[in-house]
Structure formats: C-alpha cells, structure tokens
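Okay, structure first, notes after.
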Amino acid sequence: MRYSALSVLLNGLTGKAPAPAWRSPEPKAEYDVVIVGGGGHGLATAYYLAREFGITNVAVLEKGYVGSGNIGRNTTIIRSNYLLPGNNPFYELSMKLWEGLEQDFNFNAMVSQRGVVNLIHSDAQRDAYRRRGNAMRLHGVDAEILDRDQVRRILPFLDFDNARFPIKGAIRQRRGGTVRHDAVAWGYARGASARGVDIIPHCEVTAIRQDHGRVTEVETSRGTIRCKRLALATAGHSGITAAMAGITLPIETHALQAYVSEGLKPFIDTVVTFGAGHFYLSQSDKGGLVFGGDIEGYNSYAQRGNLANIEHVAEAGVAMIPALSRVRVLRAWAGVMDMSMDGSPIIDKTHLPNLYLNAGWCYGGFKATPASGLCFAHLIAKDAPHEVARAFRLDRFARGHLIDEKGQGAQPNLH
Amino acid sequence: MASLIPCPHCGPRPKEEFTVRGAVLPRPAADAPVEEWQAHVYLRENPRGDYAEHWHHSGGCRRWLVVKRNTATHAVHSVTDAAEGRP
C-alpha cells in the first residue's frame, strides 16, 4: 500500500487496521546476497540493492529486532560539514539522499533541515572553521560563517560572555538537521520488503563457512543459510563478525552515551554544538532536548556508560546554555561504536572475493545511512566501489592513506 | 565500567584518575617486516570478553598498569604494574 494523506483518511474512515509495514518470512535455504545486520546501514543496503541494482533475492539477518541497534540509539543529527576530500563528497551524497528520502521510500522520516550551528570560541577556531567552510563550498556544500551578533539572533540564550570560552561566532550548515531515526529503519525495511527482500529478525549469525576461498554459507540461530555473496553491516560489533571470517580489523568498540531531557516547550530550533568541548544539542518534536558528548574512552560492548561522562556532558551543556541548569534528564543510554583507527569508515571488499565489509562508522554512522547503503549496494552489485566511497578502503592503513578528519592519529579513543 | 580500579600502588581509586592507552600488545622487533608493524599499530582483536589494556594512573602514582577486564560485563579481573616481570 502506498502511504498518502488519502490513505490515512480512507483507513481512518473504514476503521481498517493498518497492514504490517514489512513481511515476516521464514528464512529460505539460499540467497544471492545475505546482509548481516538489520540496522540502518544493512536495511538501506538491501533497499538500494533492490531499487538501484535489481537484486531482490536478498536476506537481511538481524540478531535482535529491526532497529534495535545504533539506528535507534543515536542523536538523530544529519550534516555534511566535512573537511577532507575522501569524506566530503560521500557525506554530501548522503545529505542529497536525505533530502529526497521520504518521497523516495514513501515513509515519513520527519527529515527536518533545521540547520547545524558549530560555535567558535577563539580566533584559531575561526580560522579552522573558515578553512572547513571553504573546503565544503569547494565541494558544493553550503556553509556560512556567522559573527557573534548573527549567532545571538538565532540562539540568544547562549552564554556569549563565558569567561573561559566566550562565543565569537559560528559556522552554520543550513541544510543539516535532524531525522526521526527509527523511521529511517522502518522506511528502508518497508521499501526493501516490498521489493522482495526478506527481513529476518532474531536471527544471529554464529559462524561464516568457507570453501575454496569463498564464503558459502552462514550458520545462524535459525539454521544454516547459503549465500552467493555475504555483506557485513554490523558496526559496533564488526570485530566479532569479521573475526568469523578470519579478519582482524583496525577497529575498537567503544560505548557512546546519549541523553534526552524532560519535554519542554519549543526552545531551540536548530542543532548547536559547543566548540570548546564535545556537546551537541537539538530538540525533538516531542519537546525533549536530545544531546550527547564523547565516547567513554575504553573498549566496551556493554550498551551503558558511566556517571562521570554524564556529569561532564551536563557541565559542557550548562557552560554553553546556562538555562539548562535546571532541566532534568529523563533518560541516558549508550550504543557501541566501531571506532576506527583514523575516525573514518570502511566500505570495501575483503580477502575473500564474495565477502563485503561495511564497518568503522565511529559515532557518525546515522547521517551516513543513505549513502552507506547506496555505496555498499554498489560495491556488492558491481564488485567495484561507488565513486564517492573510493577512499574508504580497508587497506588504507597499510598503504598510509588515512582519512584522519580530526588529525588525531591511530588512537581510536580520541576520535 | 567498574567505578573503582584497584591500583597496586594506591589501592582502589576512581576510574576517572586513569587514562586508557589501549591493548597490551607485544612490540615487534625494530627490524620486523612492515606488515608486522602495520598490524601492531592498527589492527586490534577487539574481543567481546576478556581483554588486557595499558592504563596510566595519570591522576595518582603515574605508573603504567596492565588492567585485565571484561569488555562485555565491565568486571575488572586484575591490575598489575606494567613493569612487573620485566628485566
């Protein structure tokens, strides 16, 4: 069924219960492509495989329920304000896909281009953001530098005269914003399922079997499934799935917390980030302030963080917006991140000719979901990288072609 | 993560006093092949389970420690001085 205002009206009037948005098939014995991981990236990959490349004999295997991983645990921000040539065109493709996504997959993902504002606190930071803004504009991405008065007009409640970190201006990407994260998973799942993809939840892959240097089948909690091609999209747990195929990755798994406050009246209509620490804030449509900070800094597969980081994030938030001091936090949770050695992702082939890898998204995976799906589908379908994802190679560490957006070096807990 | 780390020199101390460097890995020989060095610098086993890491007690005795712990349950099994057992 196609969703529209008319379908809402007709279904409302007839009192008909809506049909499930996607099918729940039993797994078949064999597929052309098996995708491990039913999160945003895995579902988007399946969707674009079917839609762009006509490959529909596809299964998406998810160990929990659809959308139970990081697609439902992020702070919903989208942006394409990247500096480096290896990153920028990829994230801009993602932004363009976000802009047409809801029409494309006929699902309301509440894409809201409310803008992303990164604050500037010093002359050096202004120089760095000017450079970033220029790099963005050279790649055809929108960017503008705001002075102090312009920032004051859009965010009057910031602590402009903070003694330690006064606000001197900002860089803004107007096309950035937020998206209803769960709806992204649901929309892609619905679109993929309608085109013939089998989405199989509660199906954990426990082993990858090979024969003569090729992947032949996966052992799962719901039986053995043969596959002609196998695609791993399990960011957060990439180390575990890759190890099943004998691959050691340049990745560590770290926990990242996110927070939401009690519901407030409309307070902030953009995404704003603190330039003097790591703090980002937006307001959901329900009124809760959604915010986050840094990763916990030690390897962890537990989807929980520490009180110390909650305190640190709260301090950064209040330093930026003193009015937050009496807002109560409603929930805090954590997701586990594939922290790669240079802070950039991997979309590449592996040493096995029919095994493909999508990993290393650090804490920037959500905004990349559409482009990651499209580029990964391109790689699987054509056995060649998509033009904008050519830099995201697994062997770039060995070759010295790192994409170190932050300039931190090979230390995952600093990215 | 456990809130207290039992430092062998200072006793149980808050986790926030420590800086995590990462996995304890044997250092390749200076003239080892480049592949071995590349793996040492970049590749990690990253297990969901028991793991040994170098932690620096940067807010305390400033000794490098080997912390053995579980990355799924956050249980700390043992903390020893990194120099222990070295010539």
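Letters A, B, ... mark the chains of the structure tokens in the order given; residue numbers begin at 1 per chain; ligand numbers begin at 1, in order shown.
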Can you list every residue of chain A that has an atom at most 6 Å from chain B, with its nearest atom pair and the distance in Å to one decimal, using only C-alpha atoms, ordered by chain then number, as CSV?
residue,atom,partner,partner_atom,distance
A:Gly239,CA,B:Asn46,CA,5.9
A:Leu249,CA,B:Leu43,CA,5.4
A:Pro250,CA,B:Leu43,CA,4.2
A:Glu252,CA,B:Asn46,CA,5.4
A:Ser300,CA,B:Thr71,CA,4.6
A:Tyr301,CA,B:Ala72,CA,4.9
A:Ala302,CA,B:Ala72,CA,5.1
A:Ala398,CA,B:Gln38,CA,6.0
Looking only at the backbone, which of the residues in chain B does DSSP tag as helix (DSSP H, G or I), as an MDAnalysis selection string?
chainID B and resid 15:17 34:42
Test item, strand (DSSP E or B) assignment across segment 8-75 of chain B, answer as a list in words:
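Taking segment 8-75 of chain B and keeping strand (DSSP E or B) only, one gets Gly11, Pro12, Arg13, Pro14, Thr19, Val20, Arg21, Gly22, Ala23, Arg44, Asp50, Tyr51, Ala52, Glu53, His54, Trp55, His56, Trp64, Leu65, Val66, Val67, Lys68, Arg69 and Asn70 of chain B.
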